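Dumped start36.cif below, it's mmCIF, C-alpha atoms:
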```
data_protein
#
loop_
_atom_site.label_atom_id
_atom_site.label_comp_id
_atom_site.auth_asym_id
_atom_site.auth_seq_id
_atom_site.Cartn_x
_atom_site.Cartn_y
_atom_site.Cartn_z
CA MET D 1 84.43 108.78 94.18
CA GLY D 2 82.12 111.69 93.54
CA GLU D 3 79.09 109.70 94.66
CA ALA D 4 80.88 108.69 97.88
CA ALA D 5 81.72 112.36 98.54
CA LYS D 6 78.06 113.29 98.02
CA LYS D 7 77.07 110.60 100.54
CA ILE D 8 79.23 111.99 103.36
CA GLY D 9 79.11 115.69 102.44
CA TYR D 10 82.09 118.02 102.09
CA ASP D 11 83.40 121.57 102.17
CA LEU D 12 86.81 120.76 100.72
CA ILE D 13 87.93 117.65 98.84
CA ILE D 14 91.69 117.06 98.83
CA CYS D 15 93.17 114.71 96.23
CA GLY D 16 96.74 113.77 95.45
CA ARG D 17 98.34 115.05 92.28
CA GLU D 18 98.12 111.73 90.43
CA ALA D 19 97.83 108.00 90.94
CA ILE D 20 100.90 105.83 90.50
CA ASP D 21 99.19 103.33 88.20
CA GLY D 22 98.40 105.52 85.21
CA ASP D 23 100.03 108.86 86.06
CA THR D 24 97.26 110.71 84.22
CA ALA D 25 96.48 113.28 86.97
CA GLN D 26 92.82 113.14 85.97
CA ILE D 27 90.93 111.78 89.00
CA GLY D 28 90.77 115.10 90.91
CA PRO D 29 89.78 117.22 87.90
CA GLN D 30 87.23 114.64 86.71
CA MET D 31 85.72 114.45 90.18
CA ALA D 32 85.50 118.25 90.39
CA GLU D 33 83.80 118.34 87.01
CA HIS D 34 81.34 115.59 88.05
CA LEU D 35 80.48 117.45 91.26
CA LYS D 36 80.47 120.86 89.50
CA LEU D 37 83.08 122.21 91.93
CA PRO D 38 85.80 124.79 91.40
CA GLN D 39 89.19 123.11 91.37
CA ILE D 40 92.77 124.18 91.96
CA THR D 41 95.50 121.77 90.89
CA TYR D 42 99.16 121.34 91.93
CA VAL D 43 98.59 123.10 95.27
CA ARG D 44 101.64 123.70 97.46
CA LYS D 45 100.13 126.03 100.10
CA VAL D 46 96.55 126.52 101.41
CA GLU D 47 94.65 129.21 103.34
CA VAL D 48 90.96 128.69 104.18
CA GLY D 49 88.55 131.22 105.64
CA ASP D 50 85.32 133.18 105.11
CA GLY D 51 83.92 130.57 102.71
CA LYS D 52 86.96 130.81 100.43
CA ILE D 53 90.18 128.93 99.75
CA ILE D 54 93.35 130.68 98.62
CA CYS D 55 96.11 128.44 97.26
CA GLU D 56 99.59 128.74 95.87
CA ARG D 57 99.61 126.63 92.72
CA ALA D 58 102.98 125.32 91.51
CA LEU D 59 104.05 126.19 87.97
CA GLU D 60 107.18 125.13 86.10
CA ASP D 61 108.82 128.50 86.72
CA GLY D 62 107.26 129.62 90.00
CA TYR D 63 103.77 129.73 91.44
CA GLU D 64 100.49 131.60 91.22
CA ARG D 65 97.93 132.49 93.89
CA VAL D 66 94.44 131.24 93.08
CA GLU D 67 91.22 131.88 95.02
CA ALA D 68 87.97 129.88 94.87
CA ASN D 69 84.71 129.71 96.77
CA LEU D 70 84.00 126.69 98.97
CA PRO D 71 83.02 123.94 98.49
CA ALA D 72 85.98 123.18 96.22
CA LEU D 73 88.41 120.44 95.24
CA ILE D 74 92.19 120.72 95.25
CA THR D 75 94.94 118.40 94.09
CA VAL D 76 98.10 118.72 96.14
CA ILE D 77 101.82 118.14 95.66
CA ALA D 78 104.34 116.86 98.19
CA ASP D 79 105.52 120.41 99.06
CA LEU D 80 102.22 121.03 100.88
CA ASN D 81 102.96 118.85 103.87
CA LYS D 82 105.89 117.48 105.79
CA PRO D 83 104.74 114.13 107.22
CA ARG D 84 105.50 113.51 110.86
CA TYR D 85 106.37 110.21 112.49
CA PRO D 86 103.51 108.48 114.32
CA SER D 87 103.72 108.03 118.07
CA VAL D 88 104.18 104.57 119.55
CA ARG D 89 100.58 104.75 120.80
CA GLY D 90 99.40 105.66 117.30
CA ILE D 91 101.23 102.68 115.81
CA VAL D 92 99.75 100.29 118.39
CA GLU D 93 96.22 101.67 117.79
CA ALA D 94 96.64 101.29 114.03
CA TYR D 95 97.20 97.55 114.44
CA GLN D 96 94.15 96.98 116.63
CA GLU D 97 91.12 95.31 115.03
CA LYS D 98 88.69 97.87 113.70
CA GLU D 99 85.51 97.60 111.70
CA VAL D 100 85.92 98.94 108.18
CA ALA D 101 82.76 99.80 106.30
CA THR D 102 82.53 98.63 102.70
CA TRP D 103 80.49 100.83 100.40
CA THR D 104 79.12 99.25 97.25
CA ALA D 105 78.09 101.08 94.10
CA ALA D 106 74.47 100.48 95.07
CA TYR D 107 75.04 101.90 98.58
CA ILE D 108 76.37 105.22 97.26
CA GLY D 109 73.99 105.32 94.29
CA ALA D 110 76.66 104.99 91.60
CA ASP D 111 75.89 103.63 88.15
CA PRO D 112 77.96 100.40 87.85
CA GLU D 113 78.50 101.18 84.14
CA CYS D 114 80.31 104.40 85.06
CA ILE D 115 82.78 103.08 87.63
CA GLY D 116 85.87 100.93 87.69
CA LEU D 117 88.15 100.16 84.76
CA ASP D 118 85.26 99.49 82.37
CA GLY D 119 83.55 102.76 83.28
CA SER D 120 86.68 104.90 83.10
CA PRO D 121 86.63 107.68 80.49
CA THR D 122 90.39 107.22 80.00
CA SER D 123 92.63 104.37 78.97
CA VAL D 124 96.37 104.24 79.54
CA LYS D 125 98.03 102.52 76.57
CA ARG D 126 101.55 102.62 77.99
CA SER D 127 103.29 104.06 81.01
CA PHE D 128 107.07 104.52 81.03
CA ALA D 129 109.91 106.53 82.49
CA PRO D 130 111.72 108.65 79.90
CA GLU D 131 115.30 107.80 79.07
CA PRO D 132 117.87 109.81 81.04
CA LYS D 133 119.21 112.79 79.10
CA GLY D 134 122.78 112.10 80.12
CA GLU D 135 125.09 113.19 82.86
CA GLY D 136 125.64 116.79 83.79
CA GLU D 137 128.97 118.54 83.59
CA ILE D 138 130.77 120.27 86.44
CA LEU D 139 132.68 123.41 85.55
CA GLU D 140 135.68 124.11 87.74
CA GLY D 141 137.85 127.13 88.40
CA GLY D 142 137.40 130.65 89.64
CA THR D 143 134.19 132.60 89.18
CA GLU D 144 135.37 134.43 86.05
CA ASP D 145 136.78 131.25 84.47
CA VAL D 146 133.59 129.26 85.21
CA CYS D 147 131.46 132.06 83.71
CA LYS D 148 133.53 132.02 80.51
CA GLN D 149 133.22 128.21 80.31
CA LEU D 150 129.47 128.42 80.86
CA VAL D 151 128.96 131.06 78.15
CA SER D 152 131.08 128.98 75.77
CA LYS D 153 128.97 125.86 76.47
CA LEU D 154 125.71 127.81 76.04
CA LYS D 155 126.93 129.09 72.65
CA GLU D 156 128.05 125.58 71.69
CA TYR D 157 124.53 124.24 72.31
CA ASN D 158 122.89 127.27 70.60
CA VAL D 159 121.21 128.42 73.83
CA VAL D 160 122.71 131.92 73.44
CA ARG D 161 124.50 133.68 70.56
#
```

Representation of the structure as structure tokens:
Amino acid sequence: MGEAAKKIGYDLIICGREAIDGDTAQIGPQMAEHLKLPQITYVRKVEVGDGKIICERALEDGYERVEANLPALITVIADLNKPRYPSVRGIVEAYQEKEVATWTAAYIGADPECIGLDGSPTSVKRSFAPEPKGEGEILEGGTEDVCKQLVSKLKEYNVVR
């Protein structure tokens, strides 16, 4: 992918968070490393201007603002964009015959030994969804009663003392 990006030129490369086949979230960062670009991962909001990009990067417990010079690469999460429905005209145009260029490794100047499954620096041994942790519990009653139940449960599970 990096060689293809070099062929067409870029100011900003936008990648998804991860592929669905291996779920390794490594393509964007590896591409940034190959192209020697600054990268910002898990982006949920973007501002671009004056040769810089400022992003909000999602964290487990919030977000952080990160700034980088352009050109750069970002990996984005679903929060970044709300897709819109295509127009009828857009749907019709999408189904019309169009010429699609095919770029070979030779065309973009890529080393065949460094691309595809055989050239990948990673190998996914197994991909699986973790087992569910169990059902949640709904606490009922008035505010004071629910608070007492919650504190009791938190003590029971050694979350608080």

Gap from atom CA of D:Val66 to atom CA of D:Tyr10 - Å, one decimal: 20.2 Å

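Considering the residues D:Ser123, D:Thr41, D:Asn158, D:Thr143 and counting only C-alpha atoms, D:Ala68 has its shortest atom-to-atom contact with D:Thr41.
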
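Among D:Ile54, D:Leu12, D:Val124, D:Ala110, the residue with the shortest atom-to-atom distance to D:Leu73, counting all atoms listed in the file, is D:Leu12.
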
Quick one: which residues end up in the PyMOL selection byres ((chain D and resi 100-109) around 8) for this structure, as a CSV table (one decimal) with C-alpha atoms, in the coordinates of the input?
```csv
chain,number,residue,atom,x,y,z
D,3,GLU,CA,79.1,109.7,94.7
D,4,ALA,CA,80.9,108.7,97.9
D,7,LYS,CA,77.1,110.6,100.5
D,98,LYS,CA,88.7,97.9,113.7
D,99,GLU,CA,85.5,97.6,111.7
D,110,ALA,CA,76.7,105.0,91.6
D,111,ASP,CA,75.9,103.6,88.2
D,112,PRO,CA,78.0,100.4,87.8
```

Closest of D:Gly2, D:Leu139, D:Tyr63, D:Ala94 to D:Ser152 - atom-to-atom distances counting all atoms listed in the file: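 Going through D:Gly2, D:Leu139, D:Tyr63, D:Ala94 one by one, the smallest distance to D:Ser152 is for D:Leu139.
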